[in-house]
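So this block is my_file38.cif, mmCIF, C-alpha atoms:
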```
data_input
loop_
_atom_site.group_PDB
_atom_site.id
_atom_site.type_symbol
_atom_site.label_atom_id
_atom_site.label_comp_id
_atom_site.auth_asym_id
_atom_site.auth_seq_id
_atom_site.Cartn_x
_atom_site.Cartn_y
_atom_site.Cartn_z
ATOM 1 C CA MET J 1 4.944 28.470 -37.084
ATOM 2 C CA ALA J 2 8.357 26.782 -37.383
ATOM 3 C CA SER J 3 11.341 28.730 -36.195
ATOM 4 C CA SER J 4 12.897 28.415 -39.673
ATOM 5 C CA SER J 5 10.239 30.770 -41.049
ATOM 6 C CA ARG J 6 11.066 34.361 -41.912
ATOM 7 C CA ILE J 7 9.402 37.699 -41.308
ATOM 8 C CA SER J 8 8.189 37.724 -44.920
ATOM 9 C CA ASP J 9 6.069 34.634 -44.176
ATOM 10 C CA LEU J 10 3.835 36.723 -41.899
ATOM 11 C CA THR J 11 0.895 38.695 -43.209
ATOM 12 C CA ASP J 12 0.662 42.333 -42.177
ATOM 13 C CA THR J 13 -2.061 41.374 -39.695
ATOM 14 C CA GLU J 14 0.056 38.564 -38.201
ATOM 15 C CA LEU J 15 3.076 40.836 -37.939
ATOM 16 C CA ALA J 16 1.104 43.541 -36.133
ATOM 17 C CA ALA J 17 -0.408 40.957 -33.780
ATOM 18 C CA ARG J 18 3.000 39.579 -32.821
ATOM 19 C CA LEU J 19 4.356 43.067 -32.219
ATOM 20 C CA ARG J 20 1.472 43.745 -29.832
ATOM 21 C CA SER J 21 1.700 40.393 -28.039
ATOM 22 C CA PRO J 22 3.257 40.117 -24.543
ATOM 23 C CA ALA J 23 6.233 38.135 -25.926
ATOM 24 C CA GLY J 24 6.701 40.445 -28.868
ATOM 25 C CA LEU J 25 7.945 39.613 -32.338
ATOM 26 C CA ARG J 26 10.865 37.223 -31.866
ATOM 27 C CA ILE J 27 13.585 37.877 -34.459
ATOM 28 C CA ARG J 28 16.881 36.058 -34.780
ATOM 29 C CA LEU J 29 19.767 38.538 -35.103
ATOM 30 C CA GLY J 30 22.765 36.320 -35.779
ATOM 31 C CA SER J 31 23.326 34.288 -32.615
ATOM 32 C CA PHE J 32 20.986 36.520 -30.592
ATOM 33 C CA VAL J 33 17.217 36.721 -30.251
ATOM 34 C CA ALA J 34 15.435 40.049 -29.922
ATOM 35 C CA GLY J 35 11.822 40.354 -28.824
ATOM 36 C CA ILE J 36 10.276 43.525 -30.234
ATOM 37 C CA ARG J 37 6.981 44.937 -28.951
ATOM 38 C CA SER J 38 5.369 47.968 -30.567
ATOM 39 C CA ASP J 39 1.980 49.535 -31.141
ATOM 40 C CA ILE J 40 3.322 52.042 -33.693
ATOM 41 C CA ARG J 41 2.354 51.350 -37.313
ATOM 42 C CA PRO J 42 5.523 52.821 -38.915
ATOM 43 C CA VAL J 43 7.571 50.353 -36.863
ATOM 44 C CA ALA J 44 5.593 47.454 -38.322
ATOM 45 C CA ARG J 45 6.033 48.869 -41.835
ATOM 46 C CA GLY J 46 9.767 49.312 -41.324
ATOM 47 C CA ILE J 47 10.200 45.772 -40.019
ATOM 48 C CA SER J 48 8.161 44.373 -42.902
ATOM 49 C CA ALA J 49 10.348 46.202 -45.437
ATOM 50 C CA LEU J 50 13.811 45.801 -43.911
ATOM 51 C CA TYR J 51 13.612 42.620 -41.826
ATOM 52 C CA ALA J 52 11.685 40.568 -44.376
ATOM 53 C CA ASP J 53 14.516 38.032 -44.813
ATOM 54 C CA PHE J 54 15.297 37.643 -41.099
ATOM 55 C CA PRO J 55 14.439 34.304 -39.474
ATOM 56 C CA LEU J 56 11.796 34.160 -36.796
ATOM 57 C CA ALA J 57 12.758 32.651 -33.443
ATOM 58 C CA GLY J 58 10.541 30.155 -31.690
ATOM 59 C CA HIS J 59 8.201 31.338 -28.934
ATOM 60 C CA ASP J 60 9.905 28.991 -26.468
ATOM 61 C CA GLU J 61 13.438 30.249 -27.206
ATOM 62 C CA PHE J 62 15.254 32.476 -24.751
ATOM 63 C CA CYS J 63 15.001 36.162 -25.639
ATOM 64 C CA ASP J 64 18.328 37.938 -25.166
ATOM 65 C CA PHE J 65 17.039 41.453 -25.713
ATOM 66 C CA PRO J 66 13.372 42.340 -25.086
ATOM 67 C CA VAL J 67 12.703 45.862 -26.363
ATOM 68 C CA GLU J 68 9.572 47.954 -26.690
ATOM 69 C CA LEU J 69 8.714 50.980 -28.793
ATOM 70 C CA SER J 70 5.407 52.514 -27.810
ATOM 71 C CA GLY J 71 3.468 55.642 -28.562
ATOM 72 C CA SER J 72 2.906 58.377 -26.008
ATOM 73 C CA GLY J 73 -0.343 58.518 -24.084
ATOM 74 C CA GLY J 74 -2.994 61.146 -23.608
ATOM 75 C CA ILE J 75 -3.306 64.029 -26.015
ATOM 76 C CA ARG J 76 0.149 63.167 -27.449
ATOM 77 C CA ARG J 77 -1.455 60.235 -29.268
ATOM 78 C CA VAL J 78 -3.239 62.775 -31.477
ATOM 79 C CA ILE J 79 -1.197 65.979 -31.378
ATOM 80 C CA ARG J 80 2.511 65.645 -32.183
ATOM 81 C CA PRO J 81 2.708 61.946 -31.220
ATOM 82 C CA GLN J 82 5.948 60.647 -29.781
ATOM 83 C CA ALA J 83 7.821 57.336 -29.734
ATOM 84 C CA ILE J 84 9.262 55.915 -26.500
ATOM 85 C CA PHE J 85 11.971 53.197 -26.432
ATOM 86 C CA ARG J 86 12.215 50.818 -23.470
ATOM 87 C CA PHE J 87 14.521 47.934 -22.625
ATOM 88 C CA GLU J 88 13.638 45.684 -19.695
ATOM 89 C CA GLY J 89 11.499 48.476 -18.270
ATOM 90 C CA MET J 90 14.218 51.120 -18.624
ATOM 91 C CA GLN J 91 13.757 54.226 -20.765
ATOM 92 C CA PRO J 92 17.341 55.149 -21.782
ATOM 93 C CA PHE J 93 16.378 57.932 -24.223
ATOM 94 C CA LYS J 94 14.070 60.893 -24.341
ATOM 95 C CA PRO J 95 10.984 60.394 -26.557
ATOM 96 C CA LEU J 96 11.340 61.246 -30.233
ATOM 97 C CA PRO J 97 8.737 62.415 -32.762
ATOM 98 C CA GLY J 98 6.518 59.541 -33.856
ATOM 99 C CA GLU J 99 7.675 59.736 -37.470
ATOM 100 C CA GLN J 100 11.183 58.819 -36.269
ATOM 101 C CA ALA J 101 9.971 55.636 -34.564
ATOM 102 C CA PHE J 102 11.660 53.068 -36.803
ATOM 103 C CA ALA J 103 14.976 54.949 -36.727
ATOM 104 C CA MET J 104 14.646 55.012 -32.944
ATOM 105 C CA LEU J 105 14.207 51.241 -32.912
ATOM 106 C CA GLU J 106 17.487 50.825 -34.807
ATOM 107 C CA TRP J 107 19.342 53.267 -32.558
ATOM 108 C CA GLY J 108 17.864 51.582 -29.509
ATOM 109 C CA LEU J 109 19.018 48.142 -30.638
ATOM 110 C CA ASN J 110 22.520 49.549 -31.169
ATOM 111 C CA TRP J 111 22.459 50.852 -27.600
ATOM 112 C CA VAL J 112 21.283 47.508 -26.253
ATOM 113 C CA PHE J 113 24.096 45.584 -27.913
ATOM 114 C CA THR J 114 26.842 48.034 -26.984
ATOM 115 C CA ASN J 115 25.775 48.081 -23.334
ATOM 116 C CA HIS J 116 24.654 44.520 -22.731
ATOM 117 C CA ALA J 117 26.633 42.180 -25.037
ATOM 118 C CA GLN J 118 29.741 42.259 -22.890
ATOM 119 C CA HIS J 119 31.144 38.888 -23.945
ATOM 120 C CA SER J 120 32.895 40.720 -26.821
ATOM 121 C CA LEU J 121 35.174 43.673 -27.359
ATOM 122 C CA ILE J 122 32.820 46.065 -29.155
ATOM 123 C CA ILE J 123 34.111 48.669 -31.602
ATOM 124 C CA HIS J 124 32.111 51.282 -33.499
ATOM 125 C CA ALA J 125 32.788 49.933 -36.972
ATOM 126 C CA ALA J 126 31.287 48.455 -40.098
ATOM 127 C CA VAL J 127 32.375 44.860 -40.683
ATOM 128 C CA LEU J 128 32.380 42.860 -43.904
ATOM 129 C CA GLU J 129 33.903 39.612 -45.127
ATOM 130 C CA ARG J 130 35.550 38.621 -48.384
ATOM 131 C CA ASP J 131 36.992 35.174 -49.154
ATOM 132 C CA GLY J 132 36.826 34.194 -45.507
ATOM 133 C CA ALA J 133 38.676 37.256 -44.170
ATOM 134 C CA GLY J 134 37.184 40.162 -42.231
ATOM 135 C CA LEU J 135 37.436 43.891 -42.915
ATOM 136 C CA ILE J 136 36.824 46.250 -39.987
ATOM 137 C CA MET J 137 36.095 49.874 -40.926
ATOM 138 C CA ALA J 138 36.274 51.933 -37.733
ATOM 139 C CA ALA J 139 35.374 55.603 -37.731
ATOM 140 C CA PRO J 140 33.332 58.194 -35.845
ATOM 141 C CA PRO J 141 29.953 59.341 -37.209
ATOM 142 C CA GLY J 142 30.188 61.405 -40.380
ATOM 143 C CA SER J 143 33.181 59.568 -41.820
ATOM 144 C CA GLY J 144 31.219 57.832 -44.575
ATOM 145 C CA LYS J 145 31.739 54.299 -43.273
ATOM 146 C CA SER J 146 28.086 53.269 -43.585
ATOM 147 C CA THR J 147 27.886 54.444 -47.193
ATOM 148 C CA LEU J 148 31.105 52.586 -47.981
ATOM 149 C CA CYS J 149 29.727 49.552 -46.153
ATOM 150 C CA ALA J 150 26.566 49.639 -48.274
ATOM 151 C CA GLY J 151 28.617 50.001 -51.454
ATOM 152 C CA LEU J 152 30.715 46.932 -50.624
ATOM 153 C CA ALA J 153 27.679 44.893 -49.547
ATOM 154 C CA LEU J 154 26.008 45.680 -52.872
ATOM 155 C CA ARG J 155 29.148 44.401 -54.637
ATOM 156 C CA GLY J 156 28.907 40.995 -53.007
ATOM 157 C CA TRP J 157 30.855 41.451 -49.774
ATOM 158 C CA ARG J 158 29.236 39.617 -46.872
ATOM 159 C CA LEU J 159 27.797 42.036 -44.322
ATOM 160 C CA LEU J 160 28.554 41.281 -40.680
ATOM 161 C CA SER J 161 27.481 44.647 -39.285
ATOM 162 C CA ASP J 162 27.060 48.272 -40.223
ATOM 163 C CA GLU J 163 27.690 49.564 -36.706
ATOM 164 C CA LEU J 164 29.405 47.084 -34.394
ATOM 165 C CA ALA J 165 32.550 44.999 -34.642
ATOM 166 C CA MET J 166 32.095 42.298 -31.992
ATOM 167 C CA VAL J 167 35.486 40.696 -31.336
ATOM 168 C CA GLY J 168 35.525 37.492 -29.288
ATOM 169 C CA LEU J 169 37.462 37.827 -26.054
ATOM 170 C CA ASP J 170 38.679 34.230 -26.262
ATOM 171 C CA ASP J 171 38.978 33.362 -29.947
ATOM 172 C CA GLY J 172 39.448 36.835 -31.478
ATOM 173 C CA LEU J 173 36.864 36.066 -34.162
ATOM 174 C CA LEU J 174 34.245 38.493 -35.452
ATOM 175 C CA THR J 175 30.664 37.653 -34.495
ATOM 176 C CA PRO J 176 28.174 38.544 -37.267
ATOM 177 C CA LEU J 177 25.311 40.873 -36.415
ATOM 178 C CA PRO J 178 23.841 41.794 -39.817
ATOM 179 C CA ARG J 179 21.039 44.347 -39.586
ATOM 180 C CA PRO J 180 19.768 47.174 -41.804
ATOM 181 C CA ILE J 181 22.483 49.612 -42.913
ATOM 182 C CA SER J 182 22.025 53.187 -41.720
ATOM 183 C CA LEU J 183 22.163 55.872 -44.410
ATOM 184 C CA LYS J 184 22.117 59.621 -43.896
ATOM 185 C CA ASN J 185 21.347 62.640 -46.053
ATOM 186 C CA GLN J 186 22.914 62.424 -49.553
ATOM 187 C CA SER J 187 23.902 58.791 -48.990
ATOM 188 C CA ILE J 188 20.278 57.712 -49.365
ATOM 189 C CA ASP J 189 20.024 58.806 -53.006
ATOM 190 C CA LEU J 190 23.587 57.679 -53.680
ATOM 191 C CA VAL J 191 22.787 54.104 -52.651
ATOM 192 C CA ARG J 192 19.572 54.172 -54.672
ATOM 193 C CA LYS J 193 21.639 55.054 -57.740
ATOM 194 C CA LEU J 194 24.164 52.310 -56.969
ATOM 195 C CA SER J 195 21.483 49.646 -57.055
ATOM 196 C CA PRO J 196 17.868 50.158 -58.119
ATOM 197 C CA ASP J 197 17.123 46.852 -56.365
ATOM 198 C CA ALA J 198 18.303 48.093 -52.972
ATOM 199 C CA VAL J 199 15.378 48.217 -50.534
ATOM 200 C CA ILE J 200 15.323 51.500 -48.599
ATOM 201 C CA GLY J 201 12.995 51.730 -45.626
ATOM 202 C CA PRO J 202 11.110 54.633 -44.039
ATOM 203 C CA ILE J 203 12.813 58.025 -44.165
ATOM 204 C CA ALA J 204 13.066 60.007 -40.933
ATOM 205 C CA TYR J 205 13.509 63.758 -41.423
ATOM 206 C CA ASP J 206 14.960 66.359 -39.077
ATOM 207 C CA THR J 207 16.596 63.872 -36.700
ATOM 208 C CA ALA J 208 19.678 64.679 -34.650
ATOM 209 C CA LYS J 209 21.634 63.018 -37.477
ATOM 210 C CA GLY J 210 19.789 64.739 -40.311
ATOM 211 C CA THR J 211 17.685 62.760 -42.774
ATOM 212 C CA VAL J 212 17.990 59.055 -41.989
ATOM 213 C CA ALA J 213 16.913 55.852 -43.725
ATOM 214 C CA HIS J 214 18.056 52.220 -43.696
ATOM 215 C CA MET J 215 18.891 49.671 -46.398
ATOM 216 C CA ARG J 216 17.780 46.046 -46.191
ATOM 217 C CA PRO J 217 20.805 43.761 -45.665
ATOM 218 C CA PRO J 218 21.564 41.182 -48.375
ATOM 219 C CA ARG J 219 19.802 37.880 -47.786
ATOM 220 C CA ALA J 220 23.035 35.975 -48.436
ATOM 221 C CA SER J 221 24.593 37.710 -45.424
ATOM 222 C CA LEU J 222 21.694 36.629 -43.220
ATOM 223 C CA ASN J 223 22.050 33.027 -44.398
ATOM 224 C CA GLU J 224 25.611 33.001 -43.001
ATOM 225 C CA ALA J 225 24.889 34.993 -39.856
ATOM 226 C CA LEU J 226 26.140 32.228 -37.548
ATOM 227 C CA LEU J 227 29.549 31.893 -39.236
ATOM 228 C CA LYS J 228 32.268 33.787 -37.388
ATOM 229 C CA VAL J 229 35.117 35.415 -39.317
ATOM 230 C CA GLN J 230 38.852 35.842 -38.800
ATOM 231 C CA PRO J 231 39.730 39.580 -38.919
ATOM 232 C CA ARG J 232 42.337 40.486 -41.535
ATOM 233 C CA TRP J 233 42.190 44.222 -42.304
ATOM 234 C CA ILE J 234 41.433 47.382 -40.317
ATOM 235 C CA LEU J 235 40.549 50.555 -42.209
ATOM 236 C CA PHE J 236 40.001 54.072 -40.872
ATOM 237 C CA PRO J 237 38.015 55.748 -43.676
ATOM 238 C CA LYS J 238 37.328 59.456 -44.077
ATOM 239 C CA PHE J 239 35.126 60.829 -46.837
ATOM 240 C CA GLY J 240 35.781 64.351 -48.072
ATOM 241 C CA ILE J 241 34.044 66.135 -50.932
ATOM 242 C CA ASP J 242 36.415 66.354 -53.929
ATOM 243 C CA SER J 243 39.131 64.610 -51.924
ATOM 244 C CA PRO J 244 41.666 62.543 -53.901
ATOM 245 C CA CYS J 245 41.912 58.872 -52.968
ATOM 246 C CA GLU J 246 44.821 58.316 -50.586
ATOM 247 C CA ILE J 247 45.382 55.048 -48.719
ATOM 248 C CA GLU J 248 48.286 54.634 -46.322
ATOM 249 C CA ALA J 249 49.416 51.792 -44.085
ATOM 250 C CA THR J 250 49.291 52.502 -40.349
ATOM 251 C CA GLY J 251 51.627 51.154 -37.696
ATOM 252 C CA LYS J 252 50.457 48.785 -34.985
ATOM 253 C CA ALA J 253 50.619 51.390 -32.210
ATOM 254 C CA GLN J 254 48.586 53.941 -34.194
ATOM 255 C CA THR J 255 46.052 51.297 -35.189
ATOM 256 C CA PHE J 256 45.709 50.202 -31.563
ATOM 257 C CA MET J 257 45.062 53.717 -30.275
ATOM 258 C CA GLN J 258 42.573 54.576 -33.004
ATOM 259 C CA LEU J 259 40.613 51.414 -32.280
ATOM 260 C CA VAL J 260 40.607 52.252 -28.569
ATOM 261 C CA ASN J 261 39.146 55.666 -29.435
ATOM 262 C CA ASN J 262 36.355 53.943 -31.381
ATOM 263 C CA SER J 263 35.640 51.227 -28.818
ATOM 264 C CA PHE J 264 32.497 51.198 -26.689
ATOM 265 C CA ASN J 265 33.584 48.922 -23.860
ATOM 266 C CA TYR J 266 37.397 48.780 -23.927
ATOM 267 C CA PRO J 267 37.833 50.567 -20.550
ATOM 268 C CA ARG J 268 35.164 48.403 -18.921
ATOM 269 C CA LEU J 269 36.932 45.185 -19.906
ATOM 270 C CA GLY J 270 40.229 46.145 -18.283
ATOM 271 C CA THR J 271 43.112 43.744 -18.868
ATOM 272 C CA THR J 272 40.870 41.404 -20.875
ATOM 273 C CA GLY J 273 40.058 44.215 -23.296
ATOM 274 C CA PHE J 274 43.713 45.226 -23.618
ATOM 275 C CA GLU J 275 44.720 41.673 -24.493
ATOM 276 C CA ALA J 276 41.835 41.234 -26.957
ATOM 277 C CA MET J 277 42.684 44.522 -28.676
ATOM 278 C CA GLY J 278 46.333 43.543 -28.915
ATOM 279 C CA ARG J 279 45.506 40.203 -30.542
ATOM 280 C CA LEU J 280 43.173 41.945 -33.001
ATOM 281 C CA VAL J 281 45.796 44.480 -34.069
ATOM 282 C CA ASP J 282 48.472 41.801 -34.400
ATOM 283 C CA ALA J 283 46.202 39.761 -36.682
ATOM 284 C CA CYS J 284 45.424 42.613 -39.081
ATOM 285 C CA ASP J 285 46.957 45.046 -41.547
ATOM 286 C CA GLY J 286 45.928 48.611 -40.760
ATOM 287 C CA TYR J 287 45.189 51.452 -43.201
ATOM 288 C CA THR J 288 43.872 54.991 -43.255
ATOM 289 C CA ALA J 289 41.976 56.213 -46.308
ATOM 290 C CA ARG J 290 40.716 59.545 -47.574
ATOM 291 C CA TYR J 291 38.475 59.566 -50.622
ATOM 292 C CA GLY J 292 35.899 61.629 -52.471
ATOM 293 C CA SER J 293 33.675 58.926 -53.991
ATOM 294 C CA LEU J 294 32.902 55.220 -53.870
ATOM 295 C CA ASP J 295 34.197 54.926 -57.439
ATOM 296 C CA GLN J 296 37.623 55.906 -56.075
ATOM 297 C CA ILE J 297 37.863 53.893 -52.895
ATOM 298 C CA VAL J 298 36.102 50.607 -53.692
ATOM 299 C CA PRO J 299 38.462 49.379 -56.470
ATOM 300 C CA GLU J 300 41.528 50.416 -54.455
ATOM 301 C CA LEU J 301 40.245 48.681 -51.362
ATOM 302 C CA GLU J 302 39.359 45.510 -53.249
ATOM 303 C CA SER J 303 42.812 45.501 -54.815
ATOM 304 C CA ILE J 304 44.508 45.741 -51.413
ATOM 305 C CA CYS J 305 42.370 42.949 -49.986
ATOM 306 C CA SER J 306 42.986 40.727 -53.014
ATOM 307 C CA ARG J 307 46.765 41.139 -52.750
ATOM 308 C CA SER J 308 46.945 40.441 -49.032
ATOM 309 C CA SER J 309 44.281 37.745 -48.648
#
```

As structure tokens, how would this structure be written, given the file I've shared?
Amino acid sequence: MASSSRISDLTDTELAARLRSPAGLRIRLGSFVAGIRSDIRPVARGISALYADFPLAGHDEFCDFPVELSGSGGIRRVIRPQAIFRFEGMQPFKPLPGEQAFAMLEWGLNWVFTNHAQHSLIIHAAVLERDGAGLIMAAPPGSGKSTLCAGLALRGWRLLSDELAMVGLDDGLLTPLPRPISLKNQSIDLVRKLSPDAVIGPIAYDTAKGTVAHMRPPRASLNEALLKVQPRWILFPKFGIDSPCEIEATGKAQTFMQLVNNSFNYPRLGTTGFEAMGRLVDACDGYTARYGSLDQIVPELESICSRSS
């Protein structure tokens, strides 16, 4: 099959066979190639639903990140089955219940990129693009950034990533890594109401993060997954129930320190990371935002970006 084919071109039988093959299912994730091996049926169903528009990589192409998600052996295959994530033979996490297997795949891929894609400054942030300029939304878990990211992506913003801002150490540009958008708890139904056409994958209950599901990324974002973006805005969002919408500009020093607090590899990069972070902050306008609904924040945010683009 030509490397320009997509996951949706595979039948369910072909997809399962590739997942079980020694090389795994080769998927192109932006400029990277992941090889996924799994014998767990929910993983195949999740990939079929959420990675349908992703391009397949050729069998002869170099695989940047070979990962495996397998079921437990022995009696655990029948009674309370578990899912085990491995990367290059390592098992970085404890096993999770089998019904959380697809969510574990997504979390595992996040871990792989944050720990092994060290050619970039990596920040825990959602990243989108509008009119050629990049918006970085950096925040700790529970701040509502993924829900806001989904809302903007459904309004036509180009998705670069739901989880990772990858800032080039040399050029300062944002490297796209569009993958399914993580949704938790009430956000799942909220996104369904925003767009009946949004594709929501398997739901994992009772995880460490609550109820978790993922939304399929827009196909248009995948079609431009090799196009880097100049960063323009940095936003530190914070959702609060019944909170009024308040957006304030932040100074360069405050923006710098908040980004450092949300960075995965800033200390590891040393002087190189300091210089890359400084260039990023200098290139962007910084804001903090509190809000109580997407109806509040999205128009205000789009207005700010329109005025300063």

Open item on the list: From the options J:Val229, J:Leu96, J:Leu164, J:Ile203, which residue's atoms come nearest to Pro42 in chain J, counting all atoms listed in the file?
Closed with: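 Result for the nearest residue to Pro42 in chain J: J:Ile203.
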
Open item on the list: Can you translate the PyMOL selection byres ((chain J and resi 107) around 12) into the concrete residues it hits in this file, as a ChimeraX atom specification?
Closed with: /J:67,69,85-86,92-93,96,100-106,108-114,162-164,179-182,207-209,212-214

- [ ] For CA of Arg28 in chain J and CA of Asn115 in chain J, determine how far apart the two atoms are, in Å to one decimal place.
- [x]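 So the two atoms, CA of Arg28 in chain J and CA of Asn115 in chain J, lie 18.8 Å apart.
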
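CA of Glu61 in chain J is found 10.8 Å from CA of Ala23 in chain J.
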
Task: Who sits within 6 Å of range 12-22 of chain J, all atoms listed in the file, same chain under 4 positions skipped, as a PyMOL selection string - done: chain J and resi 37-39

Could you dump the residues just selected with C-alpha atoms as a PDB file, in the coordinates of the input?
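For reference, result33.pdb as written:
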```pdb
ATOM      1  CA  ARG J  37       6.981  44.937 -28.951  1.00  0.00           C
ATOM      2  CA  SER J  38       5.369  47.968 -30.567  1.00  0.00           C
ATOM      3  CA  ASP J  39       1.980  49.535 -31.141  1.00  0.00           C
TER       4      ASP J  39
END
```

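Using only C-alpha atoms for every distance, the candidate list J:Gln296, J:Ser31, J:Thr288, J:Ser263 yields J:Thr288 as the residue closest to Ala249 in chain J.
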
Open item on the list: Could you tell me, as number ranges by chain, exactly which residues end up selected when the PyMOL selection byres ((chain J and resi 33) around 9) is applied to this structure?
Closed with: J: 26-32, 34-35, 56-57, 61-66

TODO: Apply the PyMOL selection byres ((chain J and resi 256) around 12) to the structure shown and report the selected residues as a PyMOL selection string.
DONE: chain J and resi 123+138+234-236+250-255+257-263+266+273-287

Task: Long-range neighbours of Gly156 in chain J as a PyMOL selection string, 12 Å cut-off, only C-alpha atoms, 6 positions minimum in chain - done: chain J and resi 128-131+149-150+217-221+302

- [ ] Report the distance between CA of Ala125 in chain J and CA of Asp206 in chain J in Å, rounded to one decimal place.
- [x]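 Between CA of Ala125 in chain J and CA of Asp206 in chain J the gap works out to 24.3 Å.
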
- [ ] List every protein, DNA or RNA residue with an atom no more than 12 Å from (33.3, 65.5, -46.0) in the file's coordinates, counting only C-alpha atoms, and format the result as a list in words.
- [x]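 Protein and nucleic acid residues near the point are Pro141, Gly142, Ser143, Gly144, Lys145, Gln186, Ser187, Pro237, Lys238, Phe239, Gly240, Ile241, Asp242, Ser243, Pro244, Arg290, Tyr291, Gly292 and Ser293 of chain J.
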